[in-house]
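**Student:** Just one file: my_file25.txt, with compact mmCIF, C-alpha atoms.
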```txt
# COMPACT_ATOMS: atom_id res chain seq x y z
CA MET X 1 125.43 116.18 105.49
CA ALA X 2 122.29 114.68 107.00
CA LYS X 3 121.13 111.43 105.48
CA GLN X 4 118.33 111.95 102.96
CA ARG X 5 115.06 110.52 104.25
CA ASP X 6 112.51 108.70 102.11
CA GLY X 7 109.35 110.81 102.18
CA VAL X 8 107.11 107.86 101.29
CA LEU X 9 108.39 105.70 104.13
CA ASP X 10 108.12 108.62 106.56
CA ALA X 11 104.55 109.11 105.34
CA MET X 12 103.88 105.40 105.95
CA ARG X 13 105.07 105.84 109.53
CA GLY X 14 102.86 108.90 109.80
CA ILE X 15 99.81 107.03 108.53
CA GLY X 16 100.60 104.16 110.89
CA ILE X 17 100.90 106.39 113.97
CA VAL X 18 97.67 108.20 113.06
CA LEU X 19 95.92 104.84 112.80
CA MET X 20 97.31 103.80 116.18
CA VAL X 21 95.98 106.93 117.90
CA VAL X 22 92.64 106.69 116.07
CA GLY X 23 92.38 103.06 117.15
CA HIS X 24 92.75 104.09 120.80
CA SER X 25 90.44 107.12 120.52
CA GLY X 26 87.10 105.31 120.54
CA PHE X 27 86.74 105.38 116.75
CA PRO X 28 83.88 103.01 115.81
CA GLY X 29 85.94 101.40 113.02
CA SER X 30 88.85 100.42 115.24
CA GLY X 31 88.37 96.73 114.42
CA PHE X 32 89.37 97.43 110.82
CA ILE X 33 92.45 99.41 111.89
CA TYR X 34 93.55 96.67 114.29
CA LEU X 35 93.74 94.17 111.43
CA PHE X 36 97.05 95.63 110.28
CA HIS X 37 98.20 98.86 111.94
CA MET X 38 100.73 97.39 114.41
CA ALA X 39 101.88 94.75 111.94
CA LEU X 40 102.73 97.69 109.69
CA PHE X 41 105.29 98.96 112.21
CA PHE X 42 106.93 95.55 112.58
CA MET X 43 107.20 95.34 108.79
CA LEU X 44 108.59 98.86 108.50
CA SER X 45 111.25 98.00 111.06
CA GLY X 46 112.19 94.88 109.11
CA TYR X 47 112.27 96.94 105.92
CA PHE X 48 115.00 99.11 107.47
CA PHE X 49 116.99 96.23 108.95
CA ARG X 50 120.71 96.64 108.38
CA LEU X 51 123.49 94.71 110.10
CA GLY X 52 127.17 95.56 109.75
CA GLU X 53 129.80 92.89 109.31
CA GLY X 54 131.20 90.78 112.10
CA VAL X 55 130.99 91.15 115.85
CA ALA X 56 131.43 94.92 115.60
CA GLY X 57 128.34 95.17 113.39
CA LEU X 58 126.26 93.11 115.82
CA ARG X 59 127.51 95.15 118.77
CA HIS X 60 126.68 98.43 117.03
CA PHE X 61 123.19 97.16 116.18
CA CYS X 62 122.50 96.09 119.77
CA VAL X 63 123.73 99.40 121.19
CA ARG X 64 121.46 101.29 118.80
CA ARG X 65 118.46 99.23 119.87
CA LEU X 66 119.30 99.79 123.52
CA LEU X 67 119.33 103.55 122.93
CA THR X 68 116.29 103.76 120.65
CA LEU X 69 114.00 101.09 122.18
CA TRP X 70 115.09 99.90 125.63
CA LEU X 71 115.96 103.35 126.98
CA PRO X 72 112.66 105.03 125.93
CA PHE X 73 110.70 102.10 127.41
CA VAL X 74 112.48 102.33 130.76
CA ALA X 75 112.58 106.12 130.86
CA ALA X 76 108.90 106.61 129.98
CA ASN X 77 107.61 104.03 132.46
CA THR X 78 109.93 105.37 135.17
CA VAL X 79 108.75 108.95 134.64
CA PHE X 80 105.12 107.83 134.75
CA THR X 81 105.90 105.99 138.00
CA LEU X 82 107.63 109.04 139.46
CA CYS X 83 104.54 111.10 138.59
CA ASN X 84 102.14 108.49 139.97
CA ASN X 85 101.26 110.35 143.17
CA LEU X 86 100.96 113.67 141.34
CA PHE X 87 98.66 112.04 138.79
CA LEU X 88 96.54 110.70 141.68
CA ARG X 89 96.13 114.22 143.07
CA LEU X 90 95.18 115.51 139.63
CA ASN X 91 92.75 112.60 139.04
CA ILE X 92 94.70 111.52 135.95
CA LEU X 93 94.92 108.26 137.90
CA THR X 94 92.53 107.30 140.66
CA SER X 95 92.05 105.04 143.67
CA ASP X 96 88.28 105.66 143.61
CA PRO X 97 86.61 102.21 143.27
CA ARG X 98 83.80 103.70 141.18
CA ILE X 99 86.22 103.76 138.23
CA LEU X 100 85.87 99.96 138.07
CA ASP X 101 82.31 100.44 136.83
CA LEU X 102 83.88 101.53 133.52
CA PRO X 103 85.16 98.54 131.47
CA GLY X 104 88.93 98.19 131.18
CA ASN X 105 89.80 100.50 134.08
CA GLN X 106 91.84 99.85 137.20
CA LEU X 107 92.65 101.32 140.60
CA THR X 108 95.98 102.98 141.28
CA ASP X 109 97.63 103.19 144.70
CA PRO X 110 100.21 105.75 145.84
CA VAL X 111 103.84 104.71 145.42
CA THR X 112 106.79 104.99 147.78
CA LEU X 113 110.45 105.48 146.92
CA LYS X 114 110.92 101.73 147.38
CA ASP X 115 108.09 101.11 144.89
CA ILE X 116 109.67 103.43 142.35
CA VAL X 117 113.07 101.72 142.59
CA GLY X 118 111.56 98.24 142.46
CA ARG X 119 109.32 98.99 139.52
CA THR X 120 112.13 100.66 137.59
CA LEU X 121 114.16 97.48 137.97
CA HIS X 122 111.19 95.60 136.51
CA TRP X 123 110.97 98.04 133.59
CA CYS X 124 114.67 97.40 132.89
CA VAL X 125 113.89 93.76 132.07
CA PHE X 126 110.59 94.52 130.31
CA ASP X 127 108.57 93.11 133.19
CA GLY X 128 105.19 94.85 133.08
CA GLY X 129 104.52 98.52 132.47
CA THR X 130 102.38 101.47 133.49
CA GLN X 131 98.83 102.21 132.40
CA LEU X 132 99.74 105.48 130.65
CA GLY X 133 102.66 103.70 128.98
CA GLY X 134 100.44 100.86 127.79
CA ALA X 135 101.30 101.36 124.11
CA LEU X 136 104.96 100.62 124.88
CA TRP X 137 104.25 96.88 124.61
CA PHE X 138 105.20 97.37 120.97
CA VAL X 139 108.61 98.78 121.91
CA GLN X 140 109.32 95.74 124.05
CA ALA X 141 108.28 93.37 121.27
CA LEU X 142 110.29 95.22 118.64
CA PHE X 143 113.38 95.18 120.88
CA GLN X 144 113.10 91.41 121.35
CA ILE X 145 112.38 90.73 117.68
CA SER X 146 115.09 92.98 116.24
CA LEU X 147 117.81 91.60 118.52
CA LEU X 148 116.80 88.01 117.79
CA TYR X 149 116.68 88.73 114.04
CA ALA X 150 120.15 90.31 114.18
CA LEU X 151 121.56 87.38 116.16
CA VAL X 152 120.12 84.87 113.69
CA GLU X 153 121.51 86.94 110.80
CA PHE X 154 124.93 87.05 112.46
CA LEU X 155 124.97 83.27 113.00
CA LEU X 156 123.80 82.53 109.46
CA ARG X 157 126.61 84.66 108.05
CA ARG X 158 129.11 82.82 110.23
CA LEU X 159 127.79 79.40 109.26
CA ALA X 160 127.64 80.13 105.52
CA PRO X 161 129.94 83.05 104.63
CA GLY X 162 128.97 84.81 101.43
CA ARG X 163 125.61 83.02 101.14
CA ASP X 164 122.26 84.77 100.91
CA THR X 165 120.52 84.59 104.29
CA LEU X 166 117.02 85.51 103.12
CA LEU X 167 115.78 81.91 102.66
CA PRO X 168 117.06 80.53 105.99
CA GLN X 169 115.73 83.63 107.75
CA GLY X 170 112.38 82.82 106.15
CA LEU X 171 112.51 79.29 107.53
CA VAL X 172 113.25 80.66 111.00
CA ALA X 173 110.40 83.16 110.63
CA GLY X 174 108.00 80.40 109.57
CA ALA X 175 108.97 78.18 112.49
CA LEU X 176 108.56 81.05 114.97
CA LEU X 177 105.19 81.96 113.44
CA MET X 178 103.99 78.44 114.23
CA VAL X 179 105.26 78.91 117.78
CA GLY X 180 103.53 82.28 118.00
CA TRP X 181 100.24 80.87 116.70
CA THR X 182 100.42 78.03 119.21
CA CYS X 183 100.98 80.60 121.96
CA SER X 184 97.99 82.55 120.63
CA ARG X 185 95.72 79.51 120.88
CA THR X 186 96.91 78.55 124.36
CA GLY X 187 97.09 82.09 125.75
CA TRP X 188 100.77 81.75 126.72
CA ASN X 189 102.64 85.04 126.44
CA VAL X 190 105.17 85.15 129.27
CA TRP X 191 107.48 88.19 128.99
CA GLY X 192 105.80 88.98 125.65
CA LEU X 193 107.60 86.07 123.95
CA GLY X 194 104.43 84.93 122.19
CA ILE X 195 104.14 88.36 120.57
CA ALA X 196 107.81 88.26 119.63
CA ALA X 197 107.45 84.85 117.99
CA SER X 198 104.51 86.04 115.88
CA GLY X 199 106.04 89.41 115.12
CA TYR X 200 109.32 87.92 113.86
CA SER X 201 107.52 86.80 110.71
CA LEU X 202 106.20 90.34 110.13
CA TYR X 203 109.68 91.77 110.63
CA TYR X 204 110.93 89.26 108.05
CA LEU X 205 108.17 90.26 105.61
CA GLY X 206 109.42 93.84 105.79
CA ALA X 207 112.97 92.71 104.98
CA LEU X 208 111.59 90.61 102.12
CA VAL X 209 109.64 93.55 100.67
CA HIS X 210 112.78 95.66 100.75
CA ARG X 211 114.71 92.97 98.89
CA ILE X 212 112.01 92.49 96.24
CA GLY X 213 111.44 96.20 95.70
CA GLN X 214 108.36 97.95 94.37
CA PRO X 215 107.79 98.98 90.73
CA ALA X 216 106.94 102.55 89.79
CA ARG X 217 103.24 103.10 89.14
CA LYS X 218 100.98 105.86 87.94
CA PRO X 219 98.62 107.42 90.53
CA ALA X 220 95.58 105.76 88.95
CA GLY X 221 97.21 102.37 89.32
CA ARG X 222 98.03 103.08 92.96
CA VAL X 223 94.41 104.01 93.64
CA LEU X 224 93.22 100.71 92.17
CA ILE X 225 95.75 98.66 94.13
CA ALA X 226 94.93 100.49 97.36
CA ALA X 227 91.23 99.89 96.74
CA GLY X 228 91.91 96.17 96.18
CA ALA X 229 93.84 95.92 99.46
CA PHE X 230 91.02 97.79 101.23
CA VAL X 231 88.49 95.27 99.91
CA VAL X 232 90.64 92.35 101.10
CA LEU X 233 90.68 93.84 104.60
CA LEU X 234 86.92 94.38 104.49
CA VAL X 235 86.45 90.72 103.59
CA LEU X 236 88.69 89.67 106.49
CA LEU X 237 87.00 91.94 109.04
CA PRO X 238 83.98 89.72 109.82
CA LEU X 239 86.18 86.59 109.85
CA GLY X 240 88.27 87.54 112.88
CA SER X 241 90.31 90.19 114.62
CA VAL X 242 93.98 90.83 115.30
CA GLY X 243 95.16 91.93 118.73
CA LEU X 244 98.93 91.79 118.62
CA ALA X 245 99.22 93.44 122.04
CA ALA X 246 97.91 90.16 123.48
CA ASN X 247 99.14 87.95 120.59
CA GLN X 248 95.57 87.13 119.56
CA TYR X 249 94.59 86.25 115.98
CA PRO X 250 92.46 83.45 114.50
CA HIS X 251 95.07 81.78 112.27
CA TRP X 252 98.65 82.35 111.15
CA LEU X 253 97.53 82.71 107.52
CA PHE X 254 94.92 85.28 108.54
CA LEU X 255 97.66 87.32 110.23
CA LEU X 256 99.93 87.22 107.17
CA ILE X 257 97.18 88.13 104.68
CA ALA X 258 95.85 90.98 106.84
CA SER X 259 99.37 92.33 107.41
CA ALA X 260 100.31 92.14 103.72
CA ALA X 261 97.05 93.81 102.64
CA GLY X 262 97.57 96.53 105.24
CA TRP X 263 101.10 97.17 104.00
CA VAL X 264 99.90 97.47 100.39
CA LEU X 265 97.07 99.82 101.39
CA VAL X 266 99.31 102.13 103.43
CA TYR X 267 102.21 101.98 100.94
CA GLU X 268 100.04 103.05 98.03
CA CYS X 269 98.25 105.71 100.10
CA ALA X 270 101.63 107.10 101.23
CA HIS X 271 102.74 107.42 97.59
CA LEU X 272 99.53 109.28 96.81
CA ALA X 273 99.89 111.47 99.91
CA VAL X 274 103.35 112.75 98.98
CA LEU X 275 101.91 114.02 95.69
CA LEU X 276 100.18 116.63 97.88
CA PRO X 277 103.17 118.43 99.46
CA ARG X 278 101.45 119.72 102.59
CA LEU X 279 99.80 116.40 103.37
CA GLY X 280 103.04 114.54 102.72
CA GLN X 281 104.99 116.92 104.96
CA ALA X 282 102.44 116.61 107.77
CA LEU X 283 102.52 112.81 107.64
CA SER X 284 106.32 112.82 107.50
CA ALA X 285 106.48 115.05 110.58
CA LEU X 286 104.21 112.63 112.42
CA GLY X 287 106.28 109.70 111.18
CA ARG X 288 109.43 111.24 112.65
CA ALA X 289 107.68 111.71 116.01
CA THR X 290 106.49 108.12 116.35
CA MET X 291 108.11 107.42 119.74
CA PRO X 292 106.86 110.60 121.48
CA ILE X 293 103.34 109.90 120.21
CA VAL X 294 103.48 106.28 121.39
CA ILE X 295 104.62 107.45 124.84
CA LEU X 296 102.42 110.52 125.32
CA HIS X 297 99.14 110.03 123.45
CA PHE X 298 97.29 108.37 126.34
CA LEU X 299 98.29 111.22 128.63
CA SER X 300 97.29 113.73 125.95
CA PHE X 301 93.80 112.19 125.81
CA LYS X 302 93.29 113.47 129.38
CA LEU X 303 93.06 117.04 128.11
CA VAL X 304 90.00 116.17 126.03
CA THR X 305 88.43 114.24 128.90
CA TRP X 306 89.07 117.18 131.27
CA LEU X 307 87.49 119.65 128.86
CA GLY X 308 84.52 117.32 128.44
CA LEU X 309 84.08 117.08 132.20
CA GLN X 310 84.14 120.87 132.49
CA ILE X 311 81.34 121.05 129.94
CA THR X 312 79.23 118.21 131.30
CA GLY X 313 79.92 118.70 134.99
CA GLY X 314 81.10 115.12 135.55
CA GLU X 315 82.83 114.03 138.74
CA PRO X 316 86.62 114.59 138.90
CA TYR X 317 87.55 110.90 139.30
CA LEU X 318 86.22 110.26 135.79
CA LEU X 319 89.29 111.99 134.40
CA ALA X 320 91.11 108.71 135.12
CA ALA X 321 88.91 106.79 132.66
CA PHE X 322 91.25 104.89 130.35
CA PRO X 323 91.93 105.40 127.57
CA THR X 324 88.94 107.68 126.93
CA LEU X 325 85.70 108.61 128.69
CA PHE X 326 83.47 110.20 126.07
CA THR X 327 82.25 108.20 123.09
CA GLY X 328 79.97 108.75 120.15
CA GLY X 329 79.77 111.71 117.83
CA ALA X 330 83.05 113.46 117.11
CA TRP X 331 84.74 112.76 120.43
CA TRP X 332 87.16 110.38 118.73
CA LEU X 333 88.27 113.23 116.47
CA ALA X 334 89.03 115.42 119.48
CA TYR X 335 90.97 112.60 121.17
CA THR X 336 92.89 111.90 117.97
CA ALA X 337 93.80 115.58 117.50
CA ALA X 338 95.09 115.84 121.07
CA GLY X 339 96.91 112.50 120.88
CA LEU X 340 98.83 113.66 117.82
CA ALA X 341 99.26 117.40 118.32
CA LEU X 342 100.42 117.55 121.95
CA PRO X 343 103.23 114.96 121.62
CA LEU X 344 104.31 116.64 118.38
CA LEU X 345 104.52 120.01 120.15
CA VAL X 346 106.63 118.45 122.91
CA TYR X 347 108.87 116.73 120.37
CA GLN X 348 109.73 119.80 118.28
CA PRO X 349 111.93 121.63 120.84
CA TYR X 350 113.61 118.34 121.76
CA ARG X 351 114.34 117.69 118.09
CA ALA X 352 115.72 121.20 117.60
CA VAL X 353 118.07 120.84 120.59
CA LYS X 354 119.17 117.39 119.45
CA GLN X 355 119.97 118.61 115.93
CA SER X 356 121.89 121.57 117.34
CA ILE X 357 124.00 119.31 119.55
CA LEU X 358 124.70 116.88 116.69
CA CYS X 359 125.66 119.76 114.42
CA ARG X 360 128.14 121.08 116.97
CA MET X 361 129.59 117.61 117.45
CA ARG X 362 130.17 117.25 113.70
CA LYS X 363 131.94 120.61 113.54
CA SER X 364 134.19 119.92 116.54
```
How does this structure look as structure tokens?
**Tutor:**
Amino acid sequence: MAKQRDGVLDAMRGIGIVLMVVGHSGFPGSGFIYLFHMALFFMLSGYFFRLGEGVAGLRHFCVRRLLTLWLPFVAANTVFTLCNNLFLRLNILTSDPRILDLPGNQLTDPVTLKDIVGRTLHWCVFDGGTQLGGALWFVQALFQISLLYALVEFLLRRLAPGRDTLLPQGLVAGALLMVGWTCSRTGWNVWGLGIAASGYSLYYLGALVHRIGQPARKPAGRVLIAAGAFVVLLVLLPLGSVGLAANQYPHWLFLLIASAAGWVLVYECAHLAVLLPRLGQALSALGRATMPIVILHFLSFKLVTWLGLQITGGEPYLLAAFPTLFTGGAWWLAYTAAGLALPLLVYQPYRAVKQSILCRMRKS
């Protein structure tokens, strides 16, 4: 029997991944989304943290993270590197210096076999990444955070058998948050360790929320609570911004308040969403396809840019504009639709094959 999934938590993932794609699409309200949307994923991961007993439990946890985080990071960046020269011919990437006139863009050179091998070795130790795989910074950070959290949990259980580890984990999380905030102020983020230090506290918050639990509420109460969290985020918006990809935020308390308010907003909205079966199912489907969307949404944006260039007659090199070219109006809606729908279409046959293989393995 397959393990029963929690529709609300799947819907939370779905809302989170929609917000991520919208945030990259040129949506004019991206600053609001950035206050909490990636913190939400760190907290969700902490919410689901489970560690088996002893060395075997730690080993199993690490193997799972290698398969679900490290392997997708390496595989996606390697495939993008293998396709580098093809993407240059298709103008998905470009070596045309005119692209530098667009903010945030870069030149791409052809790669050799030696380049591919060398870069893949770098991907294996989370050293850098590709432009189209830019959103995978989160996968690297989550891998580092989850392994460190599991190691600390393992050591705490060894040092104090039978004792509750939640309080000492909180002390570790607080200490690392101070380290992360210091890194944020100084700009130090070698190997993404500044992000990992800050994100550890968010991972811990997720574990704490799971331990505390959430009371049942009527829909009207959920609407009021969601509205209150929305107002808190609106108040925070002019006071600063959160850019976890670069470990940038104005103050550690600002990060915690924004992250907690974002969790409350999305949690209550997810509960309301599942009351509408079709909406809940759609969000759950997106929530189950989080990794494919993270990997493929930047590439999917190219379809919208290409169609726009066909309509406007723009020069081919502009297809390489990253992450988007067209702004204003409803372009962000088109980019969002492509960034969600195309990865989901790619994921469905993969998911069907995977389930078929697992079913056969269970029967054998």
**Student:** Find the residues around Leu205 of chain X up to 9 Å (all atoms listed in the file counted), leave out those fewer than 6 positions away in its own chain, and share them as a ChimeraX atom specification.
**Tutor:** /X:42-43,46-47,170,173,256,260
**Student:** Kindly indicate which residue among X:Tyr200, X:Trp191, X:Tyr317, X:Phe36 lies nearest to Leu171 of chain X, using all atoms listed in the file for the distances.
**Tutor:**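 Ranking X:Tyr200, X:Trp191, X:Tyr317, X:Phe36 by distance to Leu171 of chain X, first place goes to X:Tyr200.
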**Student:** Considering only C-alpha atoms, can you say which of X:Pro316, X:Leu340, X:Gly262, X:Tyr203 comes closest to Leu283 of chain X?
**Tutor:** X:Leu340
**Student:** Using only C-alpha atoms, which residues sit within 12 Å of Asn189 of chain X once same-chain residues fewer than 2 positions away are excluded, as a list in words?
**Tutor:**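 The residues satisfying every condition are Ala141, Val179, Gly180, Trp181, Thr182, Cys183, Ser184, Arg185, Thr186, Gly187, Trp191, Gly192, Leu193, Gly194, Ile195, Ala196, Ala197, Ser198, Leu244, Ala245, Ala246, Asn247 and Gln248 of chain X.
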**Student:** Report the closest atom pair, with its distance in Å rounded to one decimal, for each residue of segment 129-213 of chain X that has an atom no farther than 12 Å from segment 92-115 of chain X; count only C-alpha atoms, sort by chain and then rising residue number, and write it as JSON lines.
**Tutor:**
```
{"residue": "X:Thr130", "atom": "CA", "partner": "X:Thr108", "partner_atom": "CA", "distance": 10.2}
{"residue": "X:Gln131", "atom": "CA", "partner": "X:Gln106", "partner_atom": "CA", "distance": 8.8}
{"residue": "X:Leu132", "atom": "CA", "partner": "X:Leu93", "partner_atom": "CA", "distance": 9.1}
```
**Student:** Report the closest atom pair, with its distance in Å rounded to one decimal, for each residue of segment 16-79 of chain X that has an atom no farther than 10 Å from segment 230-234 of chain X; count only C-alpha atoms, sort by chain and then rising residue number, and write it as JSON lines.
**Tutor:**
```
{"residue": "X:Phe32", "atom": "CA", "partner": "X:Leu233", "partner_atom": "CA", "distance": 7.3}
{"residue": "X:Ile33", "atom": "CA", "partner": "X:Leu233", "partner_atom": "CA", "distance": 9.3}
{"residue": "X:Leu35", "atom": "CA", "partner": "X:Leu233", "partner_atom": "CA", "distance": 7.5}
{"residue": "X:Phe36", "atom": "CA", "partner": "X:Leu233", "partner_atom": "CA", "distance": 8.7}
```
**Student:** Just to confirm, what's the straight-line distance from atom CA of Gln355 of chain X to atom CA of Gly287 of chain X in Å (one decimal)?
**Tutor:**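 Between these atoms lies a distance of 17.0 Å.
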**Student:** Write out as a list in words each polymer residue whose atoms come within 9 Å of Arg65 of chain X, counting all atoms listed in the file; drop sequence neighbours fewer than 6 positions from it.
**Tutor:** Leu71, Phe143, Ser146 and Leu147 of chain X
**Student:** Go ahead and compute the interatomic distance for atom CA of Arg360 of chain X and atom CA of Gln281 of chain X, in Å to one decimal.
**Tutor:**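 Interatomic distance here is 26.4 Å.
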**Student:** Report as a PDB file with C-alpha atoms, keeping the file's coordinate frame all protein, DNA and RNA residues lying within 7 Å of Pro292 of chain X, evaluated on all atoms listed in the file, omitting residues in the same chain fewer than 3 positions from it.
**Tutor:**
```pdb
ATOM      1  CA  ALA X 289     107.680 111.710 116.010  1.00  0.00           C
ATOM      2  CA  ILE X 295     104.620 107.450 124.840  1.00  0.00           C
ATOM      3  CA  LEU X 296     102.420 110.520 125.320  1.00  0.00           C
ATOM      4  CA  PRO X 343     103.230 114.960 121.620  1.00  0.00           C
ATOM      5  CA  TYR X 347     108.870 116.730 120.370  1.00  0.00           C
TER       6      TYR X 347
END
```
**Student:** Considering only C-alpha atoms, can you say which of X:Leu344, X:Leu166, X:Val304, X:Leu286 comes closest to Phe326 of chain X?
**Tutor:**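 For Phe326 of chain X, the nearest of the given residues is X:Val304.
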**Student:** Just to confirm, what's the straight-line distance from atom CA of Ala282 of chain X to atom CA of Met12 of chain X in Å (one decimal)?
**Tutor:** 11.4 Å
**Student:** Would you list the contacts of Thr78 of chain X as a list of chain:residue names, taking every protein, DNA or RNA residue within 9 Å and counting all atoms listed in the file, but skipping same-chain residues closer than 3 positions in sequence?
**Tutor:**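 Using all atoms listed in the file, the neighbours found are X:Phe73, X:Val74, X:Ala75, X:Thr81, X:Leu82, X:Cys83, X:Ile116, X:Val117, X:Arg119, X:Thr120, X:Trp123, X:Thr130.
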**Student:** Name the residues within 8 Å of (95.0, 113.9, 133.5), counting all atoms listed in the file in the file's coordinates, and put them as a ChimeraX atom specification.
**Tutor:** /X:87,90-93,299-303,306,319-320
**Student:** Find the smallest box with edges along x, y and z containing every listed atom of segment 67-72 of chain X, then add 5 Å on each side and report centre and edge lengths in Å to one decimal, as JSON.
**Tutor:**
```
{"center_x": 116.0, "center_y": 102.5, "center_z": 123.8, "size_x": 16.7, "size_y": 15.1, "size_z": 16.3}
```
**Student:** Do you have, as JSON lines, the list of residues of segment 226-336 of chain X lying at most 9 Å from segment 14-30 of chain X, each with its nearest atom pair and that distance in Å to one decimal, counting only C-alpha atoms and ordered by chain then number?
**Tutor:**
```
{"residue": "X:Val266", "atom": "CA", "partner": "X:Ile15", "partner_atom": "CA", "distance": 7.1}
{"residue": "X:Cys269", "atom": "CA", "partner": "X:Ile15", "partner_atom": "CA", "distance": 8.7}
{"residue": "X:Ala270", "atom": "CA", "partner": "X:Ile15", "partner_atom": "CA", "distance": 7.5}
{"residue": "X:Ala282", "atom": "CA", "partner": "X:Gly14", "partner_atom": "CA", "distance": 8.0}
{"residue": "X:Leu283", "atom": "CA", "partner": "X:Gly14", "partner_atom": "CA", "distance": 4.5}
{"residue": "X:Ser284", "atom": "CA", "partner": "X:Gly14", "partner_atom": "CA", "distance": 5.7}
{"residue": "X:Ala285", "atom": "CA", "partner": "X:Gly14", "partner_atom": "CA", "distance": 7.2}
{"residue": "X:Leu286", "atom": "CA", "partner": "X:Gly14", "partner_atom": "CA", "distance": 4.8}
{"residue": "X:Gly287", "atom": "CA", "partner": "X:Gly14", "partner_atom": "CA", "distance": 3.8}
{"residue": "X:Arg288", "atom": "CA", "partner": "X:Gly14", "partner_atom": "CA", "distance": 7.5}
{"residue": "X:Ala289", "atom": "CA", "partner": "X:Gly14", "partner_atom": "CA", "distance": 8.3}
{"residue": "X:Thr290", "atom": "CA", "partner": "X:Ile17", "partner_atom": "CA", "distance": 6.3}
{"residue": "X:Ile293", "atom": "CA", "partner": "X:Ile17", "partner_atom": "CA", "distance": 7.6}
{"residue": "X:Val294", "atom": "CA", "partner": "X:Ile17", "partner_atom": "CA", "distance": 7.9}
{"residue": "X:His297", "atom": "CA", "partner": "X:Val21", "partner_atom": "CA", "distance": 7.1}
{"residue": "X:Phe298", "atom": "CA", "partner": "X:His24", "partner_atom": "CA", "distance": 8.3}
{"residue": "X:Phe301", "atom": "CA", "partner": "X:Ser25", "partner_atom": "CA", "distance": 8.1}
{"residue": "X:Pro323", "atom": "CA", "partner": "X:His24", "partner_atom": "CA", "distance": 6.9}
{"residue": "X:Thr324", "atom": "CA", "partner": "X:Ser25", "partner_atom": "CA", "distance": 6.6}
{"residue": "X:Leu325", "atom": "CA", "partner": "X:Gly26", "partner_atom": "CA", "distance": 8.9}
{"residue": "X:Phe326", "atom": "CA", "partner": "X:Gly26", "partner_atom": "CA", "distance": 8.2}
{"residue": "X:Thr327", "atom": "CA", "partner": "X:Gly26", "partner_atom": "CA", "distance": 6.2}
{"residue": "X:Gly328", "atom": "CA", "partner": "X:Gly26", "partner_atom": "CA", "distance": 7.9}
{"residue": "X:Ala330", "atom": "CA", "partner": "X:Phe27", "partner_atom": "CA", "distance": 8.9}
{"residue": "X:Trp331", "atom": "CA", "partner": "X:Gly26", "partner_atom": "CA", "distance": 7.8}
{"residue": "X:Trp332", "atom": "CA", "partner": "X:Ser25", "partner_atom": "CA", "distance": 5.0}
{"residue": "X:Leu333", "atom": "CA", "partner": "X:Ser25", "partner_atom": "CA", "distance": 7.6}
{"residue": "X:Ala334", "atom": "CA", "partner": "X:Ser25", "partner_atom": "CA", "distance": 8.5}
{"residue": "X:Tyr335", "atom": "CA", "partner": "X:Ser25", "partner_atom": "CA", "distance": 5.5}
{"residue": "X:Thr336", "atom": "CA", "partner": "X:Val22", "partner_atom": "CA", "distance": 5.6}
```
**Student:** For Phe49 of chain X, which residue out of X:Arg64, X:Gly339, X:Tyr267, X:Val223 is the nearest one, using only C-alpha atoms?
**Tutor:**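 Of X:Arg64, X:Gly339, X:Tyr267, X:Val223, the one nearest Phe49 of chain X, counting only C-alpha atoms, is X:Arg64.
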**Student:** Looking at X:Arg278, X:Val346, X:Arg217, X:Ile145, which one is nearest to Met291 of chain X, with distances taken over only C-alpha atoms?
**Tutor:**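 Ranking X:Arg278, X:Val346, X:Arg217, X:Ile145 by distance to Met291 of chain X, first place goes to X:Val346.
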**Student:** Go through X:Glu268, X:Glu315, X:Asp164, X:Asp10 and flag the residue nearest Pro219 of chain X, using only C-alpha atoms for the distances.
**Tutor:**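 For Pro219 of chain X, the nearest of the given residues is X:Glu268.
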